[in-house]
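With compact mmCIF, C-alpha atoms inside, this is work09.txt:
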```txt
# COMPACT_ATOMS: atom_id res chain seq x y z
CA MET P 24 0.35 2.72 -28.66
CA ILE P 25 -1.24 1.59 -25.43
CA SER P 26 -2.24 -2.04 -25.03
CA LYS P 27 -5.76 -3.24 -24.29
CA ALA P 28 -4.47 -4.82 -21.08
CA LYS P 29 -3.06 -1.47 -19.92
CA ILE P 30 -6.31 0.30 -20.77
CA LYS P 31 -8.29 -2.28 -18.79
CA TYR P 32 -5.88 -1.94 -15.85
CA ILE P 33 -6.10 1.85 -15.72
CA LYS P 34 -9.90 1.88 -16.02
CA SER P 35 -10.15 -0.64 -13.18
CA LEU P 36 -8.52 1.91 -10.86
CA GLN P 37 -11.78 3.85 -10.67
CA HIS P 38 -12.74 1.27 -8.02
CA LYS P 39 -11.46 1.76 -4.46
CA LYS P 40 -11.01 -1.98 -3.92
CA ILE P 41 -8.69 -2.25 -6.93
CA ARG P 42 -6.76 0.89 -5.99
CA ASN P 43 -6.12 -0.48 -2.52
CA SER P 44 -5.12 -3.93 -3.73
CA GLU P 45 -2.75 -2.47 -6.34
CA GLY P 46 -1.53 0.28 -4.00
CA VAL P 47 -1.90 3.01 -6.63
CA PHE P 48 -4.16 5.86 -7.78
CA VAL P 49 -4.76 7.89 -10.93
CA ALA P 50 -4.10 11.60 -11.44
CA GLU P 51 -4.87 13.59 -14.58
CA GLY P 52 -4.01 16.92 -16.16
CA HIS P 53 -0.81 18.92 -16.40
CA LYS P 54 -1.50 20.83 -13.15
CA VAL P 55 -2.31 17.85 -10.90
CA VAL P 56 0.29 15.53 -12.42
CA GLY P 57 2.88 18.31 -12.53
CA ASP P 58 2.48 19.12 -8.83
CA LEU P 59 2.66 15.44 -7.87
CA LEU P 60 5.80 14.89 -9.95
CA THR P 61 7.64 17.55 -7.96
CA LYS P 62 7.40 15.28 -4.90
CA TYR P 63 6.64 11.76 -6.06
CA GLN P 64 7.79 9.37 -8.76
CA ALA P 65 5.08 8.05 -11.05
CA LYS P 66 4.74 4.38 -11.88
CA ILE P 67 3.16 4.98 -15.28
CA ILE P 68 2.61 8.11 -17.35
CA VAL P 69 0.30 8.10 -20.35
CA ALA P 70 0.71 11.34 -22.27
CA THR P 71 0.49 13.00 -25.65
CA SER P 72 3.67 13.87 -27.56
CA GLU P 73 2.98 17.55 -26.88
CA TRP P 74 3.07 17.02 -23.10
CA ILE P 75 6.17 14.82 -23.27
CA LYS P 76 8.06 17.37 -25.39
CA THR P 77 7.34 20.20 -22.95
CA ASN P 78 8.32 18.24 -19.83
CA ASN P 79 11.95 17.34 -19.29
CA ASN P 80 13.36 14.66 -16.96
CA ILE P 81 9.99 13.01 -16.35
CA ASN P 82 10.18 11.08 -13.08
CA SER P 83 8.32 7.88 -14.02
CA ASP P 84 9.04 4.16 -14.24
CA GLU P 85 7.18 3.94 -17.55
CA ILE P 86 6.13 6.52 -20.14
CA ILE P 87 3.56 5.68 -22.81
CA GLU P 88 3.10 8.15 -25.65
CA VAL P 89 -0.45 8.23 -27.00
CA THR P 90 -2.69 10.18 -29.30
CA GLU P 91 -5.50 12.33 -27.89
CA ASP P 92 -7.96 9.66 -29.00
CA GLU P 93 -6.05 6.95 -27.14
CA LEU P 94 -5.84 9.13 -24.05
CA SER P 95 -9.61 9.59 -24.09
CA ARG P 96 -9.98 5.80 -23.88
CA VAL P 97 -8.25 5.64 -20.48
CA SER P 98 -9.19 9.04 -19.06
CA PHE P 99 -11.83 9.52 -16.36
CA LEU P 100 -12.40 13.10 -17.56
CA GLN P 101 -14.93 14.28 -20.10
CA HIS P 102 -12.17 16.36 -21.67
CA PRO P 103 -8.73 14.70 -21.16
CA GLN P 104 -5.85 17.08 -20.45
CA MET P 105 -2.79 15.68 -22.25
CA VAL P 106 -1.54 13.48 -19.42
CA LEU P 107 -2.66 10.73 -17.04
CA ALA P 108 -0.37 9.30 -14.38
CA ILE P 109 -0.43 6.46 -11.88
CA PHE P 110 1.24 7.00 -8.51
CA LYS P 111 1.71 4.85 -5.43
CA LEU P 112 -0.70 5.47 -2.56
CA PHE P 113 0.85 7.88 -0.07
CA GLU P 114 2.49 6.68 3.13
CA TYR P 115 2.79 9.23 5.91
CA ASP P 116 2.29 9.37 9.67
CA ALA P 117 -0.26 11.60 11.35
CA PRO P 118 1.33 14.33 13.49
CA ILE P 119 1.17 13.98 17.25
CA ILE P 120 -0.88 16.91 18.50
CA LYS P 121 0.49 18.48 21.69
CA ASP P 122 -1.04 21.03 24.04
CA ASN P 123 1.43 23.74 23.01
CA ASP P 124 1.05 22.97 19.30
CA GLU P 125 0.24 26.21 17.43
CA THR P 126 -0.87 24.40 14.28
CA LEU P 127 -4.37 24.58 12.85
CA TYR P 128 -5.99 21.35 11.62
CA ILE P 129 -9.23 20.35 9.91
CA ALA P 130 -11.35 17.30 10.76
CA LEU P 131 -14.01 16.00 8.39
CA ASP P 132 -16.96 14.12 9.84
CA GLY P 133 -18.59 12.12 7.05
CA VAL P 134 -17.99 14.47 4.11
CA GLN P 135 -19.03 12.20 1.26
CA ASP P 136 -19.14 14.24 -1.94
CA PRO P 137 -15.84 13.82 -3.87
CA GLY P 138 -16.04 17.36 -5.23
CA ASN P 139 -16.44 18.80 -1.73
CA LEU P 140 -13.53 16.78 -0.38
CA GLY P 141 -11.25 17.79 -3.21
CA THR P 142 -12.21 21.44 -2.81
CA ILE P 143 -11.60 21.30 0.97
CA ILE P 144 -8.13 19.88 0.33
CA ARG P 145 -7.47 22.78 -2.03
CA ILE P 146 -8.80 25.26 0.57
CA ALA P 147 -6.57 23.75 3.26
CA ASP P 148 -3.56 24.10 0.97
CA TRP P 149 -4.38 27.76 0.29
CA PHE P 150 -4.62 28.58 3.99
CA GLY P 151 -1.50 26.66 4.99
CA ILE P 152 -3.25 23.73 6.69
CA THR P 153 -1.19 20.65 5.90
CA ASP P 154 -3.08 17.89 7.75
CA ILE P 155 -6.74 16.85 7.62
CA TYR P 156 -8.23 14.15 9.85
CA CYS P 157 -11.12 12.24 8.28
CA SER P 158 -13.73 9.90 9.71
CA ASN P 159 -13.64 6.50 8.04
CA ASP P 160 -16.88 7.25 6.18
CA THR P 161 -15.45 10.35 4.53
CA ALA P 162 -14.94 10.11 0.75
CA ASP P 163 -11.75 8.43 -0.45
CA ILE P 164 -8.92 10.86 -1.20
CA TYR P 165 -7.86 8.65 -4.14
CA ASN P 166 -11.23 8.76 -5.88
CA PRO P 167 -10.38 10.25 -9.33
CA LYS P 168 -13.00 12.98 -8.81
CA VAL P 169 -11.37 13.98 -5.51
CA VAL P 170 -7.87 13.98 -6.99
CA GLN P 171 -9.02 16.18 -9.88
CA ALA P 172 -10.87 18.63 -7.61
CA THR P 173 -7.74 19.23 -5.52
CA MET P 174 -6.06 20.88 -8.53
CA GLY P 175 -2.68 19.62 -7.34
CA SER P 176 -3.11 20.33 -3.63
CA ILE P 177 -3.16 16.57 -3.02
CA ALA P 178 0.63 16.80 -3.35
CA ARG P 179 0.90 19.05 -0.30
CA VAL P 180 -1.99 18.23 2.06
CA LYS P 181 -1.99 14.96 4.02
CA LEU P 182 -5.22 13.13 4.89
CA HIS P 183 -5.44 10.77 7.86
CA TYR P 184 -8.45 8.41 8.07
CA THR P 185 -9.30 7.44 11.62
CA ASP P 186 -12.00 6.80 14.19
CA LEU P 187 -12.82 10.48 14.70
CA ASN P 188 -14.50 9.89 18.07
CA LYS P 189 -11.40 8.25 19.51
CA PHE P 190 -9.08 10.76 17.86
CA ILE P 191 -10.82 13.85 19.24
CA GLY P 192 -11.21 12.12 22.60
CA SER P 193 -7.45 11.57 22.73
CA LEU P 194 -6.56 15.24 22.24
CA PRO P 195 -4.89 17.09 25.15
CA PRO P 196 -7.25 18.49 27.81
CA ASN P 197 -8.64 21.93 26.89
CA TYR P 198 -7.35 21.60 23.32
CA PRO P 199 -9.58 23.85 21.13
CA VAL P 200 -12.08 21.83 19.11
CA TYR P 201 -14.10 24.13 16.85
CA GLY P 202 -17.26 23.30 14.92
CA THR P 203 -19.76 25.31 12.89
CA LEU P 204 -23.21 24.88 14.39
CA LEU P 205 -26.47 26.82 14.25
CA GLU P 206 -26.35 27.32 18.03
CA GLY P 207 -22.79 28.62 17.84
CA THR P 208 -21.39 32.09 18.52
CA ASP P 209 -20.87 34.50 15.64
CA ILE P 210 -17.44 33.62 14.22
CA TYR P 211 -16.70 37.30 13.58
CA LYS P 212 -17.16 38.13 17.26
CA GLU P 213 -15.75 34.99 18.89
CA GLU P 214 -12.15 34.84 20.09
CA LEU P 215 -10.16 32.39 17.94
CA SER P 216 -6.92 30.68 18.88
CA LYS P 217 -3.84 30.12 16.70
CA ASN P 218 -4.11 26.39 17.24
CA GLY P 219 -6.98 23.95 17.26
CA ILE P 220 -8.94 21.62 15.06
CA ILE P 221 -11.88 22.76 12.95
CA VAL P 222 -14.56 20.05 12.53
CA MET P 223 -16.73 20.17 9.42
CA GLY P 224 -19.71 17.86 9.07
CA ASN P 225 -21.64 15.81 6.54
CA GLU P 226 -23.38 17.60 3.66
CA GLY P 227 -26.88 16.65 4.76
CA ASN P 228 -26.66 15.95 8.47
CA GLY P 229 -23.86 18.20 9.64
CA ILE P 230 -21.61 17.14 12.51
CA SER P 231 -22.70 13.81 14.03
CA PRO P 232 -24.24 13.83 17.54
CA GLU P 233 -21.24 11.95 19.01
CA ILE P 234 -18.72 14.45 17.65
CA ARG P 235 -20.97 17.41 18.44
CA LYS P 236 -20.65 16.57 22.15
CA MET P 237 -16.88 17.03 21.84
CA ILE P 238 -17.04 20.49 20.26
CA SER P 239 -15.70 22.88 22.89
CA ARG P 240 -16.00 26.07 20.80
CA LYS P 241 -19.17 26.33 18.72
CA LEU P 242 -19.08 28.80 15.85
CA LEU P 243 -21.81 30.26 13.65
CA ILE P 244 -21.29 31.74 10.20
CA PRO P 245 -24.09 34.35 10.23
CA ASN P 246 -26.23 35.15 7.23
CA TYR P 247 -26.78 38.75 6.23
CA PRO P 248 -28.77 40.58 7.31
CA THR P 249 -29.68 38.72 10.47
CA GLY P 250 -33.24 37.38 10.43
CA ARG P 251 -33.61 37.51 6.66
CA GLU P 252 -35.13 34.44 5.01
CA THR P 253 -32.23 32.76 3.25
CA ALA P 254 -30.67 29.44 2.22
CA GLU P 255 -30.93 26.68 4.82
CA SER P 256 -27.16 26.25 5.03
CA LEU P 257 -23.84 26.76 3.28
CA ASN P 258 -22.10 24.11 1.21
CA VAL P 259 -19.52 22.39 3.45
CA ALA P 260 -16.59 23.40 1.26
CA ILE P 261 -17.69 27.04 1.22
CA ALA P 262 -18.22 26.97 5.00
CA THR P 263 -14.72 25.56 5.39
CA ALA P 264 -13.28 28.39 3.28
CA VAL P 265 -15.12 31.08 5.26
CA THR P 266 -14.01 29.57 8.58
CA CYS P 267 -10.37 29.12 7.59
CA ALA P 268 -10.23 32.63 6.15
CA GLU P 269 -11.42 34.14 9.43
CA PHE P 270 -8.87 32.14 11.45
CA ARG P 271 -6.05 33.28 9.19
CA ARG P 272 -7.27 36.89 9.11
CA ARG P 273 -6.87 37.07 12.90
CA MET P 274 -3.21 36.02 12.56
CA ILE P 275 -2.23 38.90 10.30
```
Would you kindly transcribe this structure into structure tokens?
Amino acid sequence: MISKAKIKYIKSLQHKKIRNSEGVFVAEGHKVVGDLLTKYQAKIIVATSEWIKTNNNINSDEIIEVTEDELSRVSFLQHPQMVLAIFKLFEYDAPIIKDNDETLYIALDGVQDPGNLGTIIRIADWFGITDIYCSNDTADIYNPKVVQATMGSIARVKLHYTDLNKFIGSLPPNYPVYGTLLEGTDIYKEELSKNGIIVMGNEGNGISPEIRKMISRKLLIPNYPTGRETAESLNVAIATAVTCAEFRRRMI
């Protein structure tokens, strides 16, 4: 059984203010929770007997066994997936970027849709990008919709919220700052470096004017065939995937 007080507490964590004050977030589903448990200890796990029986040595301070009906009362999903867990908010330092750093990073300038953010985190994980820098108006990584959309990649990719203007302005001189813009050079013809930071912009407005001034290498993802009437733009998550794939293809 799960108490009414516990149900109320878990449901309150859909709000960013409560998550921050409590210092915790919610993850759901065997994939997301399973990946997180390989690296982090849970504070509370609410799970069906089936999930508990198939998972040994569960790393959690508290385990509450529930029926599927009880789980649906605390879940944020339309179709609950056997387990819900509460973890502490992550604590990690942003890497210091140096001129000779051969790492590739992503920066998000006002990406606000939780599904897009979660998908971008998953894309970064797939392409071996472990750190993403986010403007302060980017969606919250701990939003349940973001956590779910990462499909477990939240366990491996670190997000750093910052003043993006100051951050990019503090990068070493001549450090490659890429951005996808309509006035950019065809990404399939442009020379790409092993290192650098790829800036992706807001769903509706793209990269902000302030950040746009700091883009040193403007890229264009061309439509096909050139000149054909087509969609106005690509979804930001899809554009991120196309861009990251081309960077990684050059490294093979």
Would you compute the distance between atom CA of P:Lys66 and atom CA of P:Phe48? Give it in Å to one decimal.
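Taking atom CA of P:Lys66 and atom CA of P:Phe48, their separation equals 9.9 Å.
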What's the separation between atom CA of P:Leu215 and atom CA of P:Ser176, in Å to one decimal place?
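Straight-line distance from atom CA of P:Leu215 to atom CA of P:Ser176 works out to 25.7 Å.
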Can you build me a table of stretch 151-196 of chain P residues sitting at most 9 Å from stretch 114-134 of chain P, with the closest atom pair per residue and its distance in Å to one decimal, using all atoms listed in the file, sorted by chain and residue number, as a tab-separated table?
```
residue	atom	partner	partner_atom	distance
P:Gly151	CA	P:Leu127	CA	8.6
P:Ile152	CA	P:Tyr128	CA	6.1
P:Thr153	CA	P:Tyr128	CA	7.5
P:Asp154	CA	P:Tyr128	CA	6.0
P:Ile155	CA	P:Ile129	CA	4.9
P:Tyr156	CA	P:Ala130	CA	4.5
P:Cys157	CA	P:Leu131	CA	4.7
P:Ser158	CA	P:Asp132	CA	5.3
P:Asn159	CA	P:Gly133	CA	7.6
P:Asp160	CA	P:Gly133	CA	5.2
P:Thr161	CA	P:Gly133	CA	4.4
P:Ala162	CA	P:Val134	CA	6.3
P:Lys181	CA	P:Tyr115	CA	7.7
P:Leu182	CA	P:Ala117	CA	8.3
P:His183	CA	P:Ala117	CA	6.3
P:Leu187	CA	P:Asp132	CA	7.3
P:Leu194	CA	P:Ile120	CA	7.0
P:Pro195	CA	P:Asp122	CA	5.6
P:Pro196	CA	P:Asp122	CA	7.7
```
Pick from P:Arg240, P:Lys212, P:Lys29, P:Lys54: nearest to P:Ala178, with all atoms listed in the file counted?
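That would be P:Lys54, the residue with the smallest distance to P:Ala178.
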Rounded to one decimal in Å, what is the spacing between atom CA of P:Gln37 and atom CA of P:Tyr165?
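A separation of 9.0 Å between them.
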I want to know what sits within 10 Å of P:Tyr63, based on all atoms listed in the file, with residues of the same chain fewer than 5 positions away left out; could you give that as a PyMOL selection string?
chain P and resi 56-58+82-83+110-111+113+178
Nearest residue to P:Thr266 out of P:Ile220, P:Ile210, P:Leu100, P:Met174, using all atoms listed in the file?
P:Ile210
From the set P:Ser95, P:Asn246, P:Ser216, P:Gln104, which residue has the shortest atom-to-atom contact distance to P:Trp74, counting all atoms listed in the file?
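Of the candidates, the smallest distance to P:Trp74 is held by P:Gln104.
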Polymer residues at most 12 Å from P:Asn228, only C-alpha atoms, same-chain spacing of 4 or more positions, as an MDAnalysis selection string:
chainID P and resid 132:135 204 223:224 232 235 256 258:259
